[in-house]
Each structure stands twice: as structure tokens, then as C-alpha cells.
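**Student:** Pasting in a structure now, in C-alpha cells, and then I'll have a few things to ask.
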Amino acid sequence: MPFMSQEPMTRRRLLGAALAAGVAVPIGLAGPAWAAPAAPGPVRLTLPAPTGPYPVGTVPLHLVDTSRPDPVAGPGHHRELMASVWYPARRVERYPLARWTSPAVTRALLAMAGGFPADVAVAPLTAGHEGAPVGRTGGRLPVVVFSHGAHDHRSDTTIVVQELASHGYVVVTVDHTYDAFSEFPDGRLTVPLDRPALTPPDFATDIRFVLDCIEDLAAGRNPDAEQRPLPAGLAGALDLHRIGMYGWSKGATATAFVMSEDRRVRAGLSFDGPMQPMITTDLDRPFMMMTAEFTRAAQPSVAEFWSHLRGWRLNVQAEGAVHSSYCDVQFLIPQLAPAVGMSDADLQSWIGTLDPARAVRIQQAYPLAFFDLHLRHRPGHLLDGPSPAFPEVKFIP
């Protein structure tokens, strides 16, 4: 790996270097092996509650793209993806809260993401009630699709996802199989592999298939491979004329590729995307970049992409943010730190100097303001310029 040096590298720095070089690396190589938890029993992690007026529902989908062969399983097998649909719900009392990830995925994540003991934590409960009926107060609901980063998983921005759903959006999150920690309905667990090395265009192909499945849902069809029942009111609830997308890191680059190829996505948001391979296609629809390490000043590919944005565009950056600061990691890792004896320096390598509570408010406010403006045509003032409510957020001209 040509980007490696003799200097010890944290998980965050190794992952960032790999992304910049266009290389996929197992993130378990990047961190120290942590000590066993100091206190008996696992840490019970929590997520912040969403702020919207609606309760949240969620349902998993097993999607099979019969037009594409599986790159690992061999002849006769097709590309399989796990996705989750999040939405505003009603009558949620009888429906259990969904976990952030399944126990098997949690153990795999902890083992590979920096060498944490596999039993150090229990995944948090989300705000999503499994299978609850969809709540609709008017017409069809706007849709947002999420694409994760390299060697990651579809739950990694649940703070953002459940915030959007609590404000009336349908959000579809996708595991990019073989570059994701994912569990299928039959119990198969897949983890990130170095081969096949999936690229942002591969992610984009996954998302375009998921957009086809969203069209199925909008038409009242069930795209789930096992035809498991959908929540009441979900089929036919999605507005195909109001679809947005966002992604983190590689998924942010995939967002740009999807928008350059598919006009079904009307607005795109990048969480610190490296925009590699280079994107040279002009884009005439709204695009917003929330940068941290892959800035226009530091990354020529990001500056090049910015130059091709011909429609509404905005670049903001939270002071003290690092590559993962716009993800759930920013809120979850500080909860793990005392249990594993993490030093302040180690913690800072994960989350930078941006306060986790402030990061949560930024994650909740800015994506919602962006999609409200461009999918619902609800202008607010947050995106007009620096806000006294968010002094950390700088507008990059």
C-alpha cells in the first residue's frame, strides 16, 4: 500500500489516506487493540432523539438485482443488498424499537473497527418502531436515499436518518454488500472484503437499482425478495418527483455519480466526500458539501467537482470536524471511550475537537434545511449564511 509510512496511523488517518489514494483497506488494521472494559457488563449505547413532530417507523428490505451477477458467489447468484426504509409513523405503541444494528453486525463492527472487544457494547435502540404503520397528513412523502462510506454500514448516519423521518421524509438506507457489514434474513453475515474492491461507480449502480425499487414501492409493489409484509400505508406513499440523496465519504462520491447519471435524484448532499475518481460532468441540480478533511483546498478532486456545479451550491464546514464527524461515530465513540481506557488523544483521533452534542445538532439541522429547501421548497435562513446558533459552521465561498 503506497500510502503507508513508518509513522503510526490512527484508524481515521489510515482510512482517510486510503480513500485519498482510492484504496480499500480493512479498518481493523487501523486501530489499537483496546483493553477489556473497566466496568462489568457491556456499555449500553444511546442515540439522541429526533426533534421532529412525527414518531418514526422502519422496516428492512432484502433486495435482489437479477440484472447483475454476484461478484463473489459465482454463476447463478445475483447482486443482493440489504436496505432499510424509515418513515413518519402512527400508532407506534405496539411496535418495538429497532436496534441500530443486529448483535452479529455489532460484534463484527467492534472487532474490525479498531480492535474493540466484541462484547464491550450493546448497540443502541433507535427511534424507529419496527413495522409501524405509515403516518401521512397529506400527499405523498419526499424520499431521501443514503449511501455509506468504505467498509461501513447503512446505520452509520442514523441520527440524520431518524431526524429526517421525524420531519416527514421517507429515508432509504443501503448496505453495499462486500463493502459493508450486513446481515441477510437467512442469517448470512457479510463483512467488507478487499476483493472485489467496490468503487463509487459500483455504489452508484447499487443506488440506481434501489431507485428502481423505490419506484416499485411508489406503484404499490413489494420489492422485498421474500415478500415479507410491508408496513401499512408504505406502498404508494412515496413521491417520485421529490427524491434526494446523501452519502458519507465514498457514498458521498457515489451521490455525485448517481446525480450525473440519473435525473430521478433532484438534490444531493456530501458528507466529506473525496470525489475520486475525478468527476468532470457538469451538474445542474442543487448540491451541498459538508466538508471536514476532504476540502477544496486540500483535495484537487473536490475542487474540480465544485467547479462543475452549475446549479445551486453550498460548501459548509464545522470547525474541529474530522472525516467521521457527520456520522453516528461522533456521538457513540465517546460513550465507549471510558470503558476501553481510550486516551484523550485516541478519542480526538476519532472525533476531532468538535463537541459531540454540537455535532448532533449540526447533523440534525443542516441536512434537514437542505432537503426542505430543495425537495419541499420551504426556504429557511439556516443556509443563507453563518448562524449565531451554529458558530462552529463556516461557509466556504
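Here's how to read the names in the C-alpha cells: chain A, B, ... by the order shown, residue numbers from 1 in each chain, ligand numbers from 1 in the order shown.
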Mind checking which residues fall within 10 Å of A:Glu130, counting only C-alpha atoms, ignoring those fewer than 5 positions away in the same chain, and posting them as a VMD selection string?

**Tutor:** chain A and resid 56 to 60 86 92 94 to 99 231

**Student:** Any chance you can output those residues with N, CA and C atoms as a JSON list (two decimals), in the first residue's frame?

**Tutor:**
```
[["chain", "number", "residue", "atom", "x", "y", "z"],
["A", 56, "VAL", "N", -41.39, 7.68, 14.46],
["A", 56, "VAL", "CA", -40.64, 7.12, 13.34],
["A", 56, "VAL", "C", -40.90, 5.62, 13.25],
["A", 57, "GLY", "N", -41.06, 5.14, 12.03],
["A", 57, "GLY", "CA", -41.15, 3.72, 11.77],
["A", 57, "GLY", "C", -40.01, 3.27, 10.87],
["A", 58, "THR", "N", -39.74, 1.97, 10.85],
["A", 58, "THR", "CA", -38.69, 1.44, 9.99],
["A", 58, "THR", "C", -38.99, 0.00, 9.62],
["A", 59, "VAL", "N", -38.49, -0.40, 8.46],
["A", 59, "VAL", "CA", -38.63, -1.78, 8.01],
["A", 59, "VAL", "C", -37.43, -2.13, 7.14],
["A", 60, "PRO", "N", -36.85, -3.35, 7.32],
["A", 60, "PRO", "CA", -35.77, -3.77, 6.44],
["A", 60, "PRO", "C", -36.32, -4.37, 5.15],
["A", 86, "TRP", "N", -37.11, 4.14, 6.40],
["A", 86, "TRP", "CA", -37.50, 4.90, 7.59],
["A", 86, "TRP", "C", -38.56, 5.91, 7.16],
["A", 92, "VAL", "N", -47.66, 3.86, 17.11],
["A", 92, "VAL", "CA", -46.41, 3.11, 17.24],
["A", 92, "VAL", "C", -46.32, 2.29, 18.52],
["A", 94, "ARG", "N", -47.49, -0.35, 19.85],
["A", 94, "ARG", "CA", -47.39, -1.82, 19.85],
["A", 94, "ARG", "C", -46.16, -2.33, 19.11],
["A", 95, "TYR", "N", -45.35, -1.42, 18.57],
["A", 95, "TYR", "CA", -44.25, -1.85, 17.71],
["A", 95, "TYR", "C", -42.91, -1.59, 18.40],
["A", 96, "PRO", "N", -42.06, -2.61, 18.48],
["A", 96, "PRO", "CA", -40.79, -2.45, 19.22],
["A", 96, "PRO", "C", -39.83, -1.51, 18.51],
["A", 97, "LEU", "N", -38.93, -0.93, 19.29],
["A", 97, "LEU", "CA", -37.89, -0.09, 18.72],
["A", 97, "LEU", "C", -36.82, -0.94, 18.06],
["A", 98, "ALA", "N", -36.36, -0.52, 16.93],
["A", 98, "ALA", "CA", -35.31, -1.24, 16.20],
["A", 98, "ALA", "C", -33.95, -0.90, 16.80],
["A", 99, "ARG", "N", -33.06, -1.89, 16.78],
["A", 99, "ARG", "CA", -31.68, -1.63, 17.19],
["A", 99, "ARG", "C", -30.91, -0.97, 16.03],
["A", 231, "PRO", "N", -45.07, -2.33, 6.00],
["A", 231, "PRO", "CA", -45.90, -1.58, 6.94],
["A", 231, "PRO", "C", -47.14, -1.01, 6.25]]
```

**Student:** Considering only C-alpha atoms, give me a table of residues in stretch 30-103 of chain A that are at most 12 Å from stretch 145-166 of chain A, with the closest atom pair and distance in Å for each, as CSV.

**Tutor:**
```
residue,atom,partner,partner_atom,distance
A:Thr46,CA,A:Ile159,CA,10.7
A:Leu47,CA,A:Ile159,CA,7.1
A:Pro48,CA,A:Ile159,CA,7.0
A:Ala49,CA,A:Ile159,CA,8.0
A:Pro50,CA,A:Glu163,CA,4.7
A:Thr51,CA,A:Glu163,CA,6.4
A:Gly52,CA,A:Ser166,CA,4.4
A:Pro53,CA,A:Ser166,CA,6.1
A:Tyr54,CA,A:Ser166,CA,4.7
A:Pro55,CA,A:Ser166,CA,5.9
A:Val56,CA,A:Ser166,CA,5.7
A:Gly57,CA,A:Ala165,CA,8.1
A:Thr58,CA,A:Gln162,CA,9.3
A:Pro60,CA,A:Arg154,CA,10.9
A:Leu81,CA,A:Arg154,CA,10.6
A:Met82,CA,A:Arg154,CA,8.6
A:Ala83,CA,A:Arg154,CA,7.4
A:Ser84,CA,A:Arg154,CA,7.9
A:Val85,CA,A:Val145,CA,9.3
A:Trp86,CA,A:Ala165,CA,6.0
A:Tyr87,CA,A:Ala165,CA,4.7
A:Pro88,CA,A:Ala165,CA,5.3
A:Ala89,CA,A:Ser166,CA,8.3
A:Arg90,CA,A:Ser166,CA,11.0
A:Ala98,CA,A:Ser155,CA,11.1
A:Arg99,CA,A:Ser155,CA,9.6
A:Trp100,CA,A:Ser155,CA,6.2
A:Thr101,CA,A:Ser155,CA,6.8
A:Ser102,CA,A:Ser155,CA,10.3
```

**Student:** Output C-alpha atoms for every residue in that selection, as a PDB file, in the first residue's frame.

**Tutor:**
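The file below, result.pdb, is the result:
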```pdb
ATOM      1  CA  THR A  46     -27.625   5.516  23.203  1.00  0.00           C
ATOM      2  CA  LEU A  47     -28.612   7.759  20.312  1.00  0.00           C
ATOM      3  CA  PRO A  48     -30.141  11.221  20.626  1.00  0.00           C
ATOM      4  CA  ALA A  49     -33.861  11.504  19.991  1.00  0.00           C
ATOM      5  CA  PRO A  50     -35.015  13.160  16.768  1.00  0.00           C
ATOM      6  CA  THR A  51     -36.654  16.568  17.056  1.00  0.00           C
ATOM      7  CA  GLY A  52     -39.498  16.278  14.539  1.00  0.00           C
ATOM      8  CA  PRO A  53     -43.221  16.117  15.288  1.00  0.00           C
ATOM      9  CA  TYR A  54     -43.757  12.586  13.986  1.00  0.00           C
ATOM     10  CA  PRO A  55     -42.898   9.231  15.541  1.00  0.00           C
ATOM     11  CA  VAL A  56     -40.642   7.116  13.336  1.00  0.00           C
ATOM     12  CA  GLY A  57     -41.149   3.718  11.768  1.00  0.00           C
ATOM     13  CA  THR A  58     -38.687   1.443   9.985  1.00  0.00           C
ATOM     14  CA  PRO A  60     -35.769  -3.771   6.439  1.00  0.00           C
ATOM     15  CA  LEU A  81     -28.486  -5.734  -0.948  1.00  0.00           C
ATOM     16  CA  MET A  82     -29.978  -5.061   2.452  1.00  0.00           C
ATOM     17  CA  ALA A  83     -31.812  -1.782   2.825  1.00  0.00           C
ATOM     18  CA  SER A  84     -33.950  -0.114   5.455  1.00  0.00           C
ATOM     19  CA  VAL A  85     -36.872   2.231   4.936  1.00  0.00           C
ATOM     20  CA  TRP A  86     -37.504   4.904   7.590  1.00  0.00           C
ATOM     21  CA  TYR A  87     -40.666   6.993   7.594  1.00  0.00           C
ATOM     22  CA  PRO A  88     -43.073   9.060   9.691  1.00  0.00           C
ATOM     23  CA  ALA A  89     -45.307   6.654  11.581  1.00  0.00           C
ATOM     24  CA  ARG A  90     -48.517   6.487  13.602  1.00  0.00           C
ATOM     25  CA  ALA A  98     -35.310  -1.237  16.200  1.00  0.00           C
ATOM     26  CA  ARG A  99     -31.677  -1.634  17.185  1.00  0.00           C
ATOM     27  CA  TRP A 100     -29.002   0.397  15.434  1.00  0.00           C
ATOM     28  CA  THR A 101     -27.541  -2.851  14.087  1.00  0.00           C
ATOM     29  CA  SER A 102     -28.114  -6.519  14.801  1.00  0.00           C
TER      30      SER A 102
END
```

**Student:** Determine, for each residue of stretch 238-353 of chain A having at least one atom at most 12 Å from an atom of stretch 172-185 of chain A, the closest pair of atoms and their separation in Å to one decimal, counting only C-alpha atoms; order by chain and ascending number, as a tab-separated table.

**Tutor:**
```
residue	atom	partner	partner_atom	distance
A:Leu238	CA	A:Val172	CA	11.0
A:Ile243	CA	A:Val172	CA	10.5
A:Gly244	CA	A:Val172	CA	10.3
A:Met245	CA	A:Val172	CA	9.2
A:Tyr246	CA	A:Thr173	CA	9.9
A:Gly247	CA	A:Thr173	CA	9.7
A:Trp248	CA	A:Thr173	CA	11.8
A:Lys250	CA	A:Asp179	CA	10.4
A:Gly251	CA	A:His176	CA	9.5
A:Ala254	CA	A:His176	CA	11.2
```

**Student:** Can you pull out every residue within 8 Å of A:Phe257, counting only C-alpha atoms, but drop anything in the same chain fewer than 4 positions away, and send it as a list in words?

**Tutor:**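 My list of contacting residues is Pro200, Pro201, Ala204, Thr253, Glu261 and Ile279 of chain A.
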
**Student:** What's the separation between atom CA of A:Ala365 and atom CA of A:Ala389, in Å to one decimal place?

**Tutor:** 10.5 Å

**Student:** Can you tell me, as a PyMOL selection string, which residues in stretch 63-283 of chain A count as alpha helix (DSSP H) by DSSP?

**Tutor:** chain A and resi 103-112+158-166+200-218+250-261
